[in-house]
Amino acid sequence: MKGISVLGSTGSIGIQTLELARLHPDLFRITALAAGSNVDLLERQVREFRPVVVSCSKETSAIELKRRLSDYSGPLWIGHSTEGLERAATAVGADLVVGGLPGSIGLRPCFAAVQAGKDLALATKEVLVMAGKLFMSTVAREGITLLPVDSEQSAIFQCLHGNRECEIKRIILTASGGPFSNFPRERMERITRDETLNHPRWKMGPKVTVDSATLMNKGLEVIEARWLFDVPANHIEVVIHPESIIHSMVEFADGSILAQLGATDMRIPISYALAFPSRINSGTQAVSFPALGSLNFQMPDTNRFPLLKAAYDVLEQSGNASAIILNAADEVAVELFLSEKIPFSYIPKIVLGALNRIPPIQVETLEEIEAFHQQVVNRLRKDWAAAVTG
Ligand code: MG
C-alpha cells in the first residue's frame with residue numbers, strides 16, 4: 001500500500017489522482033491533501049479519503065474546514081499557508097507526493113518533498129522552469145524517484161524506460177496546437193476568454209489551458225524536458241499534432257523512434273506515475289485507430305506564436321534568470337487575461353517586453369529564485385497598474 005500526499009487536491013491533477021485512488025483502494029492510501037480555498041470539495045475529499053494532514057491556502061479556509069469537520073473523528077491535522085503545505089509535502093506515511101499545484105506556489109513544497117526523501121510525481125512545470133538545475137541536483141543528491149506527470153514528459157519518460165543508457169538523438173514533443181493553431185493573424189486580435197478556455201483536446205486548469213493556446217505551454221515543456229532528461233535545447237523539437245494521440249517521441253542514435261500513444265486523458269500519465277514501474281487500469285477509453293483514420297503533423301508557426309521561440313531563446317542564456325522572467329511575466333499576463341483586463345494578443349507582448357526590459361541577475365539558491373520571481377511579478381503588476389491609471 002503506497003501512501004500518497006496530493007498537493008493541489010481540488011485542482012485538475014489532484015481530482016484525477018483521487019479518482020485513481022478511488023479505483024485502486026488496495027494500492028493507494030491518501031496520507032495528506034493540500035488545496036486552495038475550495039473548502040466544499042476539500043471537506044468531501046477529507047471525509048472520503050481520510051488523510052491525516054490537510055492544508056488550505058488561507059487561514060480563513062482552514063478555520064472554515066475545521067468548523068465543518070467538527071463531527072469528524074480520526075486523527076487529522078489541519079493547517080494552512082506555507083507551513084501547511086510543507087507539512088503536507090513531508091507528511092509521515094507518504095511514500096509519494098503528487099505535485100499538482102499550479103504555478104510558482106508549487107516550487108517550495110516540491111523541494112521540501114524531495115528533501116524529505118519522498119518520491120515525487122511532478123506536474124508543476126514551474127519547478128523545472130524556474131529552478132531546473134538546482135532541482136535536478138537536489139533529486140540526484142536525495143536519490144528519490146522523480147516521475148513526470150505532464151503528458152509529454154511522461155511519454156518521453158516511458159520511451160526511455162529500459163533505454164536509459166542509450167544515446168538520445170532527438171526528443172520530439174508533440175503539441176495539439178491549441179484552439180487557435182489555424183487562426184489567421186487578424187482573427188487572433190479578437191480571441192475571447194471563453195474561446196481560449198475551450199481547449200479542443202485536453203481538460204486542464206485555466207492557466208495551462210491559456211498557455212496551450214499561446215504555445216507558451218509547449219515552450220515551458222521544452223525547458224522542462226531540457227532539465228528532466230538532460231538533453232540540450234537543440235535536440236528538442238516541437239511538432240504540432242492536432243489529434244493528440246502521440247504524446248511525444250524519442251529518437252535514439254540508431255534512428256529508431258519510440259513513441260507513447262493513448263487517449264488524451266491525464267489519468268494515463270498520472271496512473272503511470274502513481275504505480276511506476278507497474279501499469280494499472282486508469283479507467284480511460286480505448287483508442288480506435290480506424291475511427292481516427294489519420295494522424296497529422298505540422299511545423300509550429302513561431303511568427304504567430306512567438307512564446308515558443310522565446311522559450312528556446314531563454315535556454316541559450318547562461319543561468320536561469322531569463323527563464324524566471326519568462327515564467328513570471330507569463331503568470332502575470334495570463335492572470336490579466338483571465339480577469340479580462342487585456343486581450344489575448346497582449347499576452348506575448350507582455351512576456352516578450354519583460355524579457356527585453358528586465359535584466360537577468362545571477363540567482364542560485366531557492367530563496368534567490370523565489371525572490372527574483374516575486375520581484376518580476378511585482379514590477380509587472382505595478383507597470384500594468386501605472387499604464388491603466390496613467
Ligand atoms: Mg503537457
# chains A, B, ... in the order shown; residues from 1 in each chain; ligands from 1
call {"tool": "select_by_dssp", "arguments": {"residues": "range 205-286 of chain A", "states": "strand (DSSP E)", "output": "list of chain:residue names"}}
result
A:Ile236, A:Glu237, A:Val238, A:Val239, A:Ile240, A:Ile246, A:His247, A:Ser248, A:Met249, A:Val250, A:Glu251, A:Phe252, A:Ile257, A:Leu258, A:Ala259, A:Gln260, A:Leu261
call {"tool": "write_last_selection", "arguments": {"atoms": "N, CA, C and O atoms", "output": "PDB file, in the first residue's frame"}}
result
ATOM      1  N   ILE A 236      15.812  19.145 -28.964  1.00  0.00           N
ATOM      2  CA  ILE A 236      14.376  19.035 -28.634  1.00  0.00           C
ATOM      3  C   ILE A 236      13.579  19.742 -29.727  1.00  0.00           C
ATOM      4  O   ILE A 236      13.806  20.922 -29.992  1.00  0.00           O
ATOM      5  N   GLU A 237      12.681  18.991 -30.355  1.00  0.00           N
ATOM      6  CA  GLU A 237      11.848  19.561 -31.426  1.00  0.00           C
ATOM      7  C   GLU A 237      10.391  19.565 -31.003  1.00  0.00           C
ATOM      8  O   GLU A 237       9.966  18.698 -30.240  1.00  0.00           O
ATOM      9  N   VAL A 238       9.654  20.523 -31.536  1.00  0.00           N
ATOM     10  CA  VAL A 238       8.212  20.564 -31.281  1.00  0.00           C
ATOM     11  C   VAL A 238       7.487  20.347 -32.596  1.00  0.00           C
ATOM     12  O   VAL A 238       7.837  20.953 -33.613  1.00  0.00           O
ATOM     13  N   VAL A 239       6.514  19.464 -32.604  1.00  0.00           N
ATOM     14  CA  VAL A 239       5.702  19.249 -33.793  1.00  0.00           C
ATOM     15  C   VAL A 239       4.221  19.334 -33.406  1.00  0.00           C
ATOM     16  O   VAL A 239       3.809  18.829 -32.349  1.00  0.00           O
ATOM     17  N   ILE A 240       3.452  20.061 -34.217  1.00  0.00           N
ATOM     18  CA  ILE A 240       2.009  20.161 -33.967  1.00  0.00           C
ATOM     19  C   ILE A 240       1.350  18.862 -34.450  1.00  0.00           C
ATOM     20  O   ILE A 240       1.601  18.407 -35.568  1.00  0.00           O
ATOM     21  N   ILE A 246      -0.356  10.754 -30.153  1.00  0.00           N
ATOM     22  CA  ILE A 246       1.057  10.538 -29.800  1.00  0.00           C
ATOM     23  C   ILE A 246       1.415  11.615 -28.784  1.00  0.00           C
ATOM     24  O   ILE A 246       1.287  12.803 -29.061  1.00  0.00           O
ATOM     25  N   HIS A 247       1.851  11.200 -27.602  1.00  0.00           N
ATOM     26  CA  HIS A 247       2.073  12.183 -26.546  1.00  0.00           C
ATOM     27  C   HIS A 247       3.493  12.716 -26.515  1.00  0.00           C
ATOM     28  O   HIS A 247       3.745  13.702 -25.823  1.00  0.00           O
ATOM     29  N   SER A 248       4.396  12.113 -27.235  1.00  0.00           N
ATOM     30  CA  SER A 248       5.764  12.585 -27.505  1.00  0.00           C
ATOM     31  C   SER A 248       6.589  11.389 -27.940  1.00  0.00           C
ATOM     32  O   SER A 248       6.121  10.244 -27.844  1.00  0.00           O
ATOM     33  N   MET A 249       7.809  11.670 -28.463  1.00  0.00           N
ATOM     34  CA  MET A 249       8.640  10.609 -29.037  1.00  0.00           C
ATOM     35  C   MET A 249      10.104  10.857 -28.699  1.00  0.00           C
ATOM     36  O   MET A 249      10.507  11.983 -28.428  1.00  0.00           O
ATOM     37  N   VAL A 250      10.866   9.764 -28.755  1.00  0.00           N
ATOM     38  CA  VAL A 250      12.313   9.861 -28.564  1.00  0.00           C
ATOM     39  C   VAL A 250      13.001   9.140 -29.719  1.00  0.00           C
ATOM     40  O   VAL A 250      12.651   8.001 -30.039  1.00  0.00           O
ATOM     41  N   GLU A 251      13.944   9.824 -30.343  1.00  0.00           N
ATOM     42  CA  GLU A 251      14.751   9.187 -31.381  1.00  0.00           C
ATOM     43  C   GLU A 251      16.115   8.852 -30.796  1.00  0.00           C
ATOM     44  O   GLU A 251      16.751   9.699 -30.166  1.00  0.00           O
ATOM     45  N   PHE A 252      16.538   7.621 -31.006  1.00  0.00           N
ATOM     46  CA  PHE A 252      17.826   7.163 -30.465  1.00  0.00           C
ATOM     47  C   PHE A 252      18.909   7.215 -31.545  1.00  0.00           C
ATOM     48  O   PHE A 252      18.628   7.484 -32.724  1.00  0.00           O
ATOM     49  N   ILE A 257      12.721   5.440 -33.532  1.00  0.00           N
ATOM     50  CA  ILE A 257      11.914   6.409 -32.795  1.00  0.00           C
ATOM     51  C   ILE A 257      10.866   5.650 -31.989  1.00  0.00           C
ATOM     52  O   ILE A 257      10.105   4.859 -32.545  1.00  0.00           O
ATOM     53  N   LEU A 258      10.871   5.866 -30.674  1.00  0.00           N
ATOM     54  CA  LEU A 258       9.829   5.286 -29.827  1.00  0.00           C
ATOM     55  C   LEU A 258       8.828   6.379 -29.483  1.00  0.00           C
ATOM     56  O   LEU A 258       9.214   7.509 -29.197  1.00  0.00           O
ATOM     57  N   ALA A 259       7.557   6.017 -29.546  1.00  0.00           N
ATOM     58  CA  ALA A 259       6.505   6.979 -29.217  1.00  0.00           C
ATOM     59  C   ALA A 259       5.599   6.364 -28.172  1.00  0.00           C
ATOM     60  O   ALA A 259       5.505   5.140 -28.057  1.00  0.00           O
ATOM     61  N   GLN A 260       4.948   7.195 -27.382  1.00  0.00           N
ATOM     62  CA  GLN A 260       3.915   6.694 -26.475  1.00  0.00           C
ATOM     63  C   GLN A 260       2.592   7.257 -26.971  1.00  0.00           C
ATOM     64  O   GLN A 260       2.472   8.452 -27.232  1.00  0.00           O
ATOM     65  N   LEU A 261       1.620   6.385 -27.148  1.00  0.00           N
ATOM     66  CA  LEU A 261       0.312   6.777 -27.664  1.00  0.00           C
ATOM     67  C   LEU A 261      -0.767   6.435 -26.644  1.00  0.00           C
ATOM     68  O   LEU A 261      -0.566   5.564 -25.793  1.00  0.00           O
TER      69      LEU A 261
END
call {"tool": "residues_around", "arguments": {"residues": "Thr365 in chain A", "least_positions_apart": "6", "cutoff": "12 Å", "atoms": "only C-alpha atoms", "output": "list in words"}}
result
Arg108, Phe111, Met130, Ala131, Gly132, Lys133, Leu134, Phe135, Ser137, Thr138, Gly319, Asn320, Ala321, Ala371 and Phe372 of chain A
call {"tool": "write_last_selection", "arguments": {"atoms": "C-alpha atoms", "output": "mmCIF file, in the first residue's frame"}}
result
data_model
loop_
_atom_site.group_PDB
_atom_site.id
_atom_site.type_symbol
_atom_site.label_atom_id
_atom_site.label_comp_id
_atom_site.auth_asym_id
_atom_site.auth_seq_id
_atom_site.Cartn_x
_atom_site.Cartn_y
_atom_site.Cartn_z
ATOM 1 C CA ARG A 108 8.898 25.195 -2.343
ATOM 2 C CA PHE A 111 11.697 20.864 -2.904
ATOM 3 C CA MET A 130 12.338 28.273 -12.555
ATOM 4 C CA ALA A 131 14.839 26.017 -10.827
ATOM 5 C CA GLY A 132 15.671 23.140 -13.189
ATOM 6 C CA LYS A 133 19.358 22.809 -12.445
ATOM 7 C CA LEU A 134 19.028 23.196 -8.677
ATOM 8 C CA PHE A 135 16.040 20.861 -8.554
ATOM 9 C CA SER A 137 20.784 18.214 -8.459
ATOM 10 C CA THR A 138 18.600 18.002 -5.320
ATOM 11 C CA GLY A 319 21.853 30.870 -15.761
ATOM 12 C CA ASN A 320 18.112 30.560 -15.271
ATOM 13 C CA ALA A 321 17.136 34.181 -14.563
ATOM 14 C CA ALA A 371 12.761 36.457 -4.528
ATOM 15 C CA PHE A 372 13.625 37.210 -8.163
#
call {"tool": "residues_around", "arguments": {"residues": "Glu64 in chain A", "least_positions_apart": "6", "cutoff": "10 Å", "atoms": "only C-alpha atoms", "output": "list of chain:residue names"}}
result
A:Ser37, A:Val39, A:Asp40, A:Glu43, A:Cys56
call {"tool": "residues_near_ligand", "arguments": {"ligand": "ligand 1", "cutoff": "7 Å", "atoms": "only C-alpha atoms and all ligand atoms", "output": "JSON, numbers by chain"}}
result
{"A": [150, 151, 152, 221]}
call {"tool": "write_last_selection", "arguments": {"atoms": "C-alpha atoms", "output": "tab-separated table (two decimals), in the first residue's frame"}}
result
chain	number	residue	atom	x	y	z
A	150	ASP	CA	2.94	16.24	-17.69
A	151	SER	CA	1.70	14.00	-20.52
A	152	GLU	CA	4.58	14.84	-22.89
A	221	GLU	CA	7.73	21.95	-21.73
call {"tool": "closest_residue", "arguments": {"among": "A:Ile245, A:Ala94, A:Ile268, A:Val208", "to": "Ser176 in chain A", "atoms": "only C-alpha atoms"}}
result
A:Ile245
call {"tool": "select_by_dssp", "arguments": {"residues": "range 75-222 of chain A", "states": "alpha helix (DSSP H)", "output": "ChimeraX atom specification"}}
result
/A:81-89,107-115,126-142,151-160,185-188,193-197,206-214,216-222
call {"tool": "write_last_selection", "arguments": {"atoms": "C-alpha atoms", "output": "PDB file, in the first residue's frame"}}
result
ATOM      1  CA  SER A  81      -0.280  28.631   4.115  1.00  0.00           C
ATOM      2  CA  THR A  82       3.411  27.769   3.779  1.00  0.00           C
ATOM      3  CA  GLU A  83       3.577  25.715   6.968  1.00  0.00           C
ATOM      4  CA  GLY A  84       0.526  23.657   5.991  1.00  0.00           C
ATOM      5  CA  LEU A  85       1.871  22.994   2.516  1.00  0.00           C
ATOM      6  CA  GLU A  86       5.260  21.896   3.829  1.00  0.00           C
ATOM      7  CA  ARG A  87       3.599  19.640   6.354  1.00  0.00           C
ATOM      8  CA  ALA A  88       1.511  18.032   3.576  1.00  0.00           C
ATOM      9  CA  ALA A  89       4.583  17.678   1.345  1.00  0.00           C
ATOM     10  CA  LEU A 107       8.051  25.308  -6.045  1.00  0.00           C
ATOM     11  CA  ARG A 108       8.898  25.195  -2.343  1.00  0.00           C
ATOM     12  CA  PRO A 109       6.719  22.210  -1.344  1.00  0.00           C
ATOM     13  CA  CYS A 110       8.191  20.120  -4.182  1.00  0.00           C
ATOM     14  CA  PHE A 111      11.697  20.864  -2.904  1.00  0.00           C
ATOM     15  CA  ALA A 112      10.520  20.049   0.636  1.00  0.00           C
ATOM     16  CA  ALA A 113       9.119  16.691  -0.503  1.00  0.00           C
ATOM     17  CA  VAL A 114      12.349  15.713  -2.249  1.00  0.00           C
ATOM     18  CA  GLN A 115      14.458  16.838   0.695  1.00  0.00           C
ATOM     19  CA  GLU A 126       7.408  25.873 -12.754  1.00  0.00           C
ATOM     20  CA  VAL A 127       9.665  23.717 -10.574  1.00  0.00           C
ATOM     21  CA  LEU A 128      11.789  22.776 -13.586  1.00  0.00           C
ATOM     22  CA  VAL A 129      11.301  26.045 -15.466  1.00  0.00           C
ATOM     23  CA  MET A 130      12.338  28.273 -12.555  1.00  0.00           C
ATOM     24  CA  ALA A 131      14.839  26.017 -10.827  1.00  0.00           C
ATOM     25  CA  GLY A 132      15.671  23.140 -13.189  1.00  0.00           C
ATOM     26  CA  LYS A 133      19.358  22.809 -12.445  1.00  0.00           C
ATOM     27  CA  LEU A 134      19.028  23.196  -8.677  1.00  0.00           C
ATOM     28  CA  PHE A 135      16.040  20.861  -8.554  1.00  0.00           C
ATOM     29  CA  MET A 136      17.640  18.072 -10.605  1.00  0.00           C
ATOM     30  CA  SER A 137      20.784  18.214  -8.459  1.00  0.00           C
ATOM     31  CA  THR A 138      18.600  18.002  -5.320  1.00  0.00           C
ATOM     32  CA  VAL A 139      16.775  14.989  -6.794  1.00  0.00           C
ATOM     33  CA  ALA A 140      20.108  13.292  -7.571  1.00  0.00           C
ATOM     34  CA  ARG A 141      21.509  14.041  -4.118  1.00  0.00           C
ATOM     35  CA  GLU A 142      18.447  12.695  -2.303  1.00  0.00           C
ATOM     36  CA  SER A 151       1.697  14.001 -20.523  1.00  0.00           C
ATOM     37  CA  GLU A 152       4.583  14.835 -22.894  1.00  0.00           C
ATOM     38  CA  GLN A 153       7.253  14.328 -20.239  1.00  0.00           C
ATOM     39  CA  SER A 154       5.569  11.107 -19.120  1.00  0.00           C
ATOM     40  CA  ALA A 155       5.635   9.891 -22.744  1.00  0.00           C
ATOM     41  CA  ILE A 156       9.368  10.601 -23.007  1.00  0.00           C
ATOM     42  CA  PHE A 157       9.980   9.015 -19.608  1.00  0.00           C
ATOM     43  CA  GLN A 158       8.096   5.893 -20.745  1.00  0.00           C
ATOM     44  CA  CYS A 159      10.049   5.748 -24.037  1.00  0.00           C
ATOM     45  CA  LEU A 160      13.324   5.999 -22.124  1.00  0.00           C
ATOM     46  CA  ARG A 185      -3.284  36.778 -37.507  1.00  0.00           C
ATOM     47  CA  GLU A 186      -6.209  39.286 -37.806  1.00  0.00           C
ATOM     48  CA  ARG A 187      -8.620  36.869 -36.149  1.00  0.00           C
ATOM     49  CA  MET A 188      -6.196  36.414 -33.250  1.00  0.00           C
ATOM     50  CA  ARG A 193     -11.518  34.339 -22.813  1.00  0.00           C
ATOM     51  CA  ASP A 194     -14.195  31.671 -23.371  1.00  0.00           C
ATOM     52  CA  GLU A 195     -12.755  30.613 -26.727  1.00  0.00           C
ATOM     53  CA  THR A 196      -9.361  30.262 -25.057  1.00  0.00           C
ATOM     54  CA  LEU A 197     -10.623  28.175 -22.163  1.00  0.00           C
ATOM     55  CA  PRO A 206      -7.245  27.596 -16.619  1.00  0.00           C
ATOM     56  CA  LYS A 207      -3.556  28.662 -16.543  1.00  0.00           C
ATOM     57  CA  VAL A 208      -2.291  25.711 -18.580  1.00  0.00           C
ATOM     58  CA  THR A 209      -5.265  25.979 -20.970  1.00  0.00           C
ATOM     59  CA  VAL A 210      -4.380  29.601 -21.765  1.00  0.00           C
ATOM     60  CA  ASP A 211      -0.712  28.616 -22.056  1.00  0.00           C
ATOM     61  CA  SER A 212      -1.710  25.905 -24.552  1.00  0.00           C
ATOM     62  CA  ALA A 213      -3.479  28.484 -26.694  1.00  0.00           C
ATOM     63  CA  THR A 214      -0.388  30.754 -26.838  1.00  0.00           C
ATOM     64  CA  MET A 216       3.752  29.068 -24.039  1.00  0.00           C
ATOM     65  CA  ASN A 217       2.865  25.724 -22.520  1.00  0.00           C
ATOM     66  CA  LYS A 218       4.942  23.944 -25.171  1.00  0.00           C
ATOM     67  CA  GLY A 219       7.767  26.414 -24.596  1.00  0.00           C
ATOM     68  CA  LEU A 220       7.690  25.655 -20.865  1.00  0.00           C
ATOM     69  CA  GLU A 221       7.728  21.949 -21.734  1.00  0.00           C
ATOM     70  CA  VAL A 222      10.853  22.406 -23.865  1.00  0.00           C
TER      71      VAL A 222
END
call {"tool": "residues_around", "arguments": {"residues": "Ile4 in chain A", "least_positions_apart": "4", "cutoff": "12 Å", "atoms": "only C-alpha atoms", "output": "count of residues only"}}
result
40
